[in-house]
>>> print(open('query.cif').read())   # mmCIF, N, CA, C and O atoms
data_my_file
loop_
_atom_site.label_atom_id
_atom_site.label_comp_id
_atom_site.auth_asym_id
_atom_site.auth_seq_id
_atom_site.Cartn_x
_atom_site.Cartn_y
_atom_site.Cartn_z
N ALA A 8 -52.39 8.49 69.85
CA ALA A 8 -51.77 7.23 69.49
C ALA A 8 -52.41 6.08 70.25
O ALA A 8 -52.66 5.02 69.68
N MET A 9 -52.70 6.29 71.53
CA MET A 9 -53.33 5.22 72.32
C MET A 9 -54.72 4.91 71.80
O MET A 9 -55.10 3.75 71.71
N GLU A 10 -55.47 5.93 71.44
CA GLU A 10 -56.81 5.70 70.89
C GLU A 10 -56.72 4.89 69.60
O GLU A 10 -57.54 3.99 69.38
N ALA A 11 -55.75 5.19 68.77
CA ALA A 11 -55.59 4.45 67.51
C ALA A 11 -55.24 2.99 67.80
O ALA A 11 -55.77 2.09 67.16
N LEU A 12 -54.36 2.75 68.75
CA LEU A 12 -53.99 1.38 69.09
C LEU A 12 -55.20 0.60 69.61
O LEU A 12 -55.35 -0.59 69.34
N LEU A 13 -56.05 1.27 70.36
CA LEU A 13 -57.23 0.61 70.91
C LEU A 13 -58.22 0.18 69.84
O LEU A 13 -59.07 -0.68 70.07
N THR A 14 -58.12 0.77 68.66
CA THR A 14 -59.01 0.37 67.56
C THR A 14 -58.52 -0.91 66.89
O THR A 14 -59.20 -1.45 66.03
N GLY A 15 -57.34 -1.38 67.28
CA GLY A 15 -56.79 -2.58 66.69
C GLY A 15 -55.75 -2.31 65.61
O GLY A 15 -55.27 -3.24 64.96
N ALA A 16 -55.41 -1.06 65.42
CA ALA A 16 -54.39 -0.72 64.41
C ALA A 16 -53.07 -1.40 64.79
O ALA A 16 -52.63 -1.28 65.93
N PRO A 17 -52.44 -2.09 63.85
CA PRO A 17 -51.20 -2.79 64.18
C PRO A 17 -49.97 -1.88 64.23
O PRO A 17 -48.95 -2.26 64.77
N LEU A 18 -50.09 -0.67 63.68
CA LEU A 18 -48.94 0.22 63.60
C LEU A 18 -49.41 1.66 63.62
O LEU A 18 -50.42 2.00 63.00
N ILE A 19 -48.71 2.51 64.32
CA ILE A 19 -49.02 3.93 64.39
C ILE A 19 -47.82 4.69 63.84
O ILE A 19 -46.70 4.50 64.29
N ALA A 20 -48.06 5.56 62.87
CA ALA A 20 -46.99 6.37 62.30
C ALA A 20 -46.89 7.68 63.07
O ALA A 20 -47.88 8.37 63.27
N LEU A 21 -45.70 8.00 63.50
CA LEU A 21 -45.48 9.21 64.29
C LEU A 21 -44.40 10.11 63.70
O LEU A 21 -43.88 10.98 64.38
N GLY A 22 -44.08 9.92 62.43
CA GLY A 22 -43.00 10.69 61.82
C GLY A 22 -43.20 12.18 61.93
O GLY A 22 -42.30 12.91 62.35
N ARG A 23 -44.37 12.67 61.54
CA ARG A 23 -44.64 14.11 61.60
C ARG A 23 -44.57 14.60 63.04
O ARG A 23 -43.99 15.65 63.33
N GLU A 24 -45.13 13.83 63.94
CA GLU A 24 -45.13 14.22 65.35
C GLU A 24 -43.72 14.27 65.93
O GLU A 24 -43.40 15.14 66.73
N LEU A 25 -42.87 13.34 65.51
CA LEU A 25 -41.49 13.34 66.02
C LEU A 25 -40.67 14.48 65.45
O LEU A 25 -39.71 14.93 66.08
N ILE A 26 -41.02 14.97 64.28
CA ILE A 26 -40.34 16.14 63.73
C ILE A 26 -40.72 17.37 64.56
O ILE A 26 -39.87 18.17 64.92
N MET A 27 -42.00 17.51 64.89
CA MET A 27 -42.46 18.66 65.68
C MET A 27 -42.02 18.56 67.13
O MET A 27 -41.76 19.57 67.78
N GLU A 28 -41.94 17.33 67.65
CA GLU A 28 -41.62 17.12 69.07
C GLU A 28 -40.66 15.93 69.20
O GLU A 28 -41.09 14.79 69.38
N PRO A 29 -39.35 16.18 69.06
CA PRO A 29 -38.38 15.08 69.13
C PRO A 29 -38.41 14.30 70.44
O PRO A 29 -38.01 13.15 70.48
N ASP A 30 -38.91 14.91 71.50
CA ASP A 30 -38.97 14.24 72.81
C ASP A 30 -40.33 13.58 73.05
O ASP A 30 -40.68 13.27 74.19
N TRP A 31 -41.08 13.33 72.00
CA TRP A 31 -42.43 12.77 72.10
C TRP A 31 -42.46 11.49 72.94
O TRP A 31 -43.23 11.38 73.88
N VAL A 32 -41.61 10.54 72.62
CA VAL A 32 -41.62 9.25 73.31
C VAL A 32 -41.28 9.43 74.79
O VAL A 32 -41.96 8.88 75.66
N ALA A 33 -40.26 10.21 75.09
CA ALA A 33 -39.87 10.42 76.49
C ALA A 33 -40.98 11.12 77.27
O ALA A 33 -41.25 10.75 78.42
N LYS A 34 -41.62 12.10 76.66
CA LYS A 34 -42.69 12.81 77.36
C LYS A 34 -43.88 11.90 77.62
O LYS A 34 -44.48 11.95 78.69
N VAL A 35 -44.23 11.06 76.67
CA VAL A 35 -45.33 10.11 76.89
C VAL A 35 -44.95 9.14 77.99
O VAL A 35 -45.75 8.85 78.89
N ALA A 36 -43.74 8.62 77.95
CA ALA A 36 -43.29 7.66 78.96
C ALA A 36 -43.32 8.24 80.36
O ALA A 36 -43.57 7.52 81.33
N LYS A 37 -43.10 9.56 80.47
CA LYS A 37 -43.08 10.22 81.78
C LYS A 37 -44.43 10.83 82.15
O LYS A 37 -44.53 11.52 83.15
N GLY A 38 -45.45 10.60 81.31
CA GLY A 38 -46.78 11.14 81.61
C GLY A 38 -46.88 12.64 81.40
O GLY A 38 -47.71 13.30 82.01
N ARG A 39 -46.03 13.19 80.53
CA ARG A 39 -46.00 14.64 80.31
C ARG A 39 -46.61 15.00 78.95
O ARG A 39 -46.15 15.89 78.26
N GLU A 40 -47.69 14.31 78.59
CA GLU A 40 -48.32 14.52 77.29
C GLU A 40 -48.74 15.96 77.05
O GLU A 40 -48.71 16.45 75.93
N ALA A 41 -49.12 16.66 78.10
CA ALA A 41 -49.57 18.05 77.96
C ALA A 41 -48.45 18.97 77.45
O ALA A 41 -48.72 20.05 76.94
N GLU A 42 -47.21 18.55 77.59
CA GLU A 42 -46.06 19.36 77.16
C GLU A 42 -45.66 19.10 75.70
O GLU A 42 -44.75 19.74 75.19
N ILE A 43 -46.31 18.17 75.03
CA ILE A 43 -45.93 17.80 73.67
C ILE A 43 -46.35 18.90 72.69
O ILE A 43 -47.51 19.31 72.66
N ALA A 44 -45.38 19.36 71.90
CA ALA A 44 -45.65 20.37 70.88
C ALA A 44 -46.48 19.74 69.76
O ALA A 44 -46.16 18.65 69.28
N THR A 45 -47.55 20.41 69.37
CA THR A 45 -48.42 19.88 68.31
C THR A 45 -48.49 20.80 67.10
O THR A 45 -49.26 20.55 66.18
N THR A 46 -47.70 21.87 67.12
CA THR A 46 -47.62 22.78 65.99
C THR A 46 -46.17 23.20 65.78
O THR A 46 -45.33 23.02 66.66
N LEU A 47 -45.90 23.75 64.63
CA LEU A 47 -44.60 24.33 64.32
C LEU A 47 -44.75 25.83 64.20
O LEU A 47 -45.79 26.32 63.78
N SER A 48 -43.70 26.53 64.52
CA SER A 48 -43.60 27.96 64.27
C SER A 48 -42.67 28.14 63.07
O SER A 48 -41.79 27.30 62.83
N LYS A 49 -42.83 29.20 62.35
CA LYS A 49 -41.94 29.46 61.23
C LYS A 49 -40.50 29.69 61.69
O LYS A 49 -39.58 29.70 60.89
N ARG A 50 -40.29 29.82 62.99
CA ARG A 50 -38.96 30.03 63.56
C ARG A 50 -38.35 28.74 64.13
O ARG A 50 -37.28 28.78 64.72
N ASP A 51 -38.99 27.59 63.97
CA ASP A 51 -38.55 26.34 64.61
C ASP A 51 -37.49 25.54 63.84
O ASP A 51 -36.94 24.60 64.39
N GLN A 52 -37.20 25.89 62.62
CA GLN A 52 -36.28 25.07 61.83
C GLN A 52 -34.94 24.86 62.53
O GLN A 52 -34.48 23.73 62.65
N ARG A 53 -34.33 25.91 62.97
CA ARG A 53 -33.00 25.80 63.59
C ARG A 53 -33.06 25.00 64.88
O ARG A 53 -32.26 24.10 65.12
N ARG A 54 -34.03 25.30 65.73
CA ARG A 54 -34.16 24.62 67.02
C ARG A 54 -34.37 23.11 66.85
O ARG A 54 -33.81 22.31 67.58
N LEU A 55 -35.14 22.74 65.84
CA LEU A 55 -35.44 21.33 65.60
C LEU A 55 -34.47 20.65 64.64
O LEU A 55 -34.58 19.45 64.38
N VAL A 56 -33.50 21.41 64.12
CA VAL A 56 -32.47 20.91 63.21
C VAL A 56 -33.12 20.20 62.01
O VAL A 56 -32.81 19.06 61.68
N ILE A 57 -34.05 20.90 61.37
CA ILE A 57 -34.74 20.37 60.20
C ILE A 57 -33.97 20.83 58.95
O ILE A 57 -33.80 22.02 58.74
N PRO A 58 -33.51 19.89 58.12
CA PRO A 58 -32.75 20.26 56.91
C PRO A 58 -33.58 21.15 55.98
O PRO A 58 -34.81 21.03 55.91
N ASP A 59 -32.88 22.01 55.26
CA ASP A 59 -33.55 22.96 54.36
C ASP A 59 -34.55 22.31 53.40
O ASP A 59 -35.67 22.80 53.28
N PRO A 60 -34.19 21.21 52.70
CA PRO A 60 -35.17 20.63 51.77
C PRO A 60 -36.47 20.18 52.46
O PRO A 60 -37.57 20.40 51.94
N LEU A 61 -36.34 19.58 53.63
CA LEU A 61 -37.53 19.16 54.37
C LEU A 61 -38.32 20.38 54.83
O LEU A 61 -39.54 20.43 54.72
N TRP A 62 -37.62 21.39 55.34
CA TRP A 62 -38.29 22.61 55.81
C TRP A 62 -39.05 23.29 54.68
O TRP A 62 -40.18 23.73 54.85
N GLN A 63 -38.43 23.35 53.52
CA GLN A 63 -39.10 23.95 52.36
C GLN A 63 -40.34 23.15 51.99
O GLN A 63 -41.38 23.72 51.63
N GLY A 64 -40.27 21.83 52.10
CA GLY A 64 -41.44 21.00 51.84
C GLY A 64 -42.54 21.24 52.86
O GLY A 64 -43.72 21.33 52.52
N ILE A 65 -42.16 21.36 54.11
CA ILE A 65 -43.13 21.62 55.18
C ILE A 65 -43.81 22.96 54.95
O ILE A 65 -45.04 23.07 55.01
N MET A 66 -43.02 23.98 54.68
CA MET A 66 -43.58 25.32 54.49
C MET A 66 -44.35 25.45 53.18
O MET A 66 -45.28 26.24 53.07
N GLY A 67 -43.97 24.65 52.19
CA GLY A 67 -44.59 24.77 50.87
C GLY A 67 -45.76 23.83 50.61
O GLY A 67 -46.32 23.83 49.52
N THR A 68 -46.13 23.04 51.62
CA THR A 68 -47.23 22.09 51.45
C THR A 68 -48.30 22.40 52.49
O THR A 68 -48.27 21.87 53.60
N PRO A 69 -49.24 23.26 52.15
CA PRO A 69 -50.28 23.63 53.10
C PRO A 69 -51.03 22.40 53.63
O PRO A 69 -51.38 21.49 52.88
N GLY A 70 -51.20 22.37 54.95
CA GLY A 70 -51.96 21.31 55.58
C GLY A 70 -51.15 20.08 55.98
O GLY A 70 -51.64 19.22 56.69
N TRP A 71 -49.90 19.98 55.52
CA TRP A 71 -49.09 18.82 55.88
C TRP A 71 -48.71 18.87 57.36
O TRP A 71 -48.85 17.89 58.08
N PHE A 72 -48.24 20.02 57.82
CA PHE A 72 -47.91 20.25 59.23
C PHE A 72 -48.74 21.43 59.72
O PHE A 72 -48.95 22.37 58.97
N PRO A 73 -49.17 21.39 60.97
CA PRO A 73 -49.84 22.58 61.50
C PRO A 73 -48.80 23.65 61.83
O PRO A 73 -48.01 23.49 62.76
N VAL A 74 -48.76 24.70 61.04
CA VAL A 74 -47.77 25.77 61.21
C VAL A 74 -48.47 27.02 61.71
O VAL A 74 -49.45 27.48 61.13
N MET A 75 -47.96 27.56 62.80
CA MET A 75 -48.47 28.78 63.38
C MET A 75 -47.49 29.91 63.05
O MET A 75 -46.30 29.67 62.93
N ASP A 76 -47.99 31.11 62.91
CA ASP A 76 -47.11 32.26 62.63
C ASP A 76 -46.28 32.64 63.82
O ASP A 76 -46.47 32.42 64.90
#
>>> encode(input="query.cif", output="structure tokens")
Amino acid sequence: AMEALLTGAPLIALGRELIMEPDWVAKVAKGREAEIATTLSKRDQRRLVIPDPLWQGIMGTPGWFPVMD
């Protein structure tokens, strides 16, 4: 995100990242970027409280989210 801002981009979209890592902003603010989740597991739906329709879209759209087995 910082690299994108440095290019002069006026806005950075983080929707996908916030779904995978709800604590993204807090971790960045605390300098804990290394702890940010960058993939989903097929078992993460319940933990992340992702509604069924969105989860089905994530699982059914190859390449939209990085999903690990």
>>> resolve_selection(input="query.cif", expression="the PyMOL selection byres (((chain A and resi 72 and name CA) around 9) and name CA)", output="MDAnalysis selection string")
chainID A and resid 23 27 46:47 65:66 68:71 73:74
>>> select_by_dssp(input="query.cif", residues="segment 12-73 of chain A", states="helix (DSSP H, G or I)", output="JSON, numbers by chain")
{"A": [12, 13, 22, 23, 24, 25, 26, 27, 31, 32, 33, 34, 35, 36, 40, 41, 42, 52, 53, 54, 55, 59, 60, 61, 62, 63, 64, 65, 66, 67]}
>>> atom_distance(input="query.cif", atom1="atom CA of Thr14 of chain A", atom2="atom CA of Ala33 of chain A")
23.4 Å
>>> residues_around(input="query.cif", residues="Trp62 of chain A", least_positions_apart="6", cutoff="10 Å", atoms="only C-alpha atoms", output="list of chain:residue names")
A:Lys49, A:Asp51, A:Gln52, A:Arg53, A:Val56, A:Thr68
>>> closest_residue(input="query.cif", among="A:Gly22, A:Ile43, A:Gln63, A:Ser48", to="Asp76 of chain A", atoms="all atoms listed in the file")
A:Ser48
>>> select_by_dssp(input="query.cif", residues="chain A", states="strand (DSSP E)", output="MDAnalysis selection string")
chainID A and resid 47:48 74:75
>>> residues_around(input="query.cif", residues="Glu24 of chain A", least_positions_apart="4", cutoff="9 Å", atoms="only C-alpha atoms", output="VMD selection string")
chain A and resid 20 28 to 29 31 44 to 46
>>> atom_distance(input="query.cif", atom1="atom N of Ile57 of chain A", atom2="atom CA of Arg39 of chain A")
23.3 Å
>>> closest_residue(input="query.cif", among="A:Leu12, A:Met75, A:Leu61, A:Leu55", to="Ile26 of chain A", atoms="only N, CA, C and O atoms")
A:Leu55
>>> atom_distance(input="query.cif", atom1="atom O of Lys34 of chain A", atom2="atom CA of Gly15 of chain A")
22.5 Å
>>> resolve_selection(input="query.cif", expression="the PyMOL selection byres (((chain A and resi 9 and name CA) around 12) and name CA)", output="list in words")
Ala8, Glu10, Ala11, Leu12, Leu13, Thr14, Gly15, Ala16, Pro17, Leu18, Ile19, Ala20, Leu21, Val35 and Glu40 of chain A
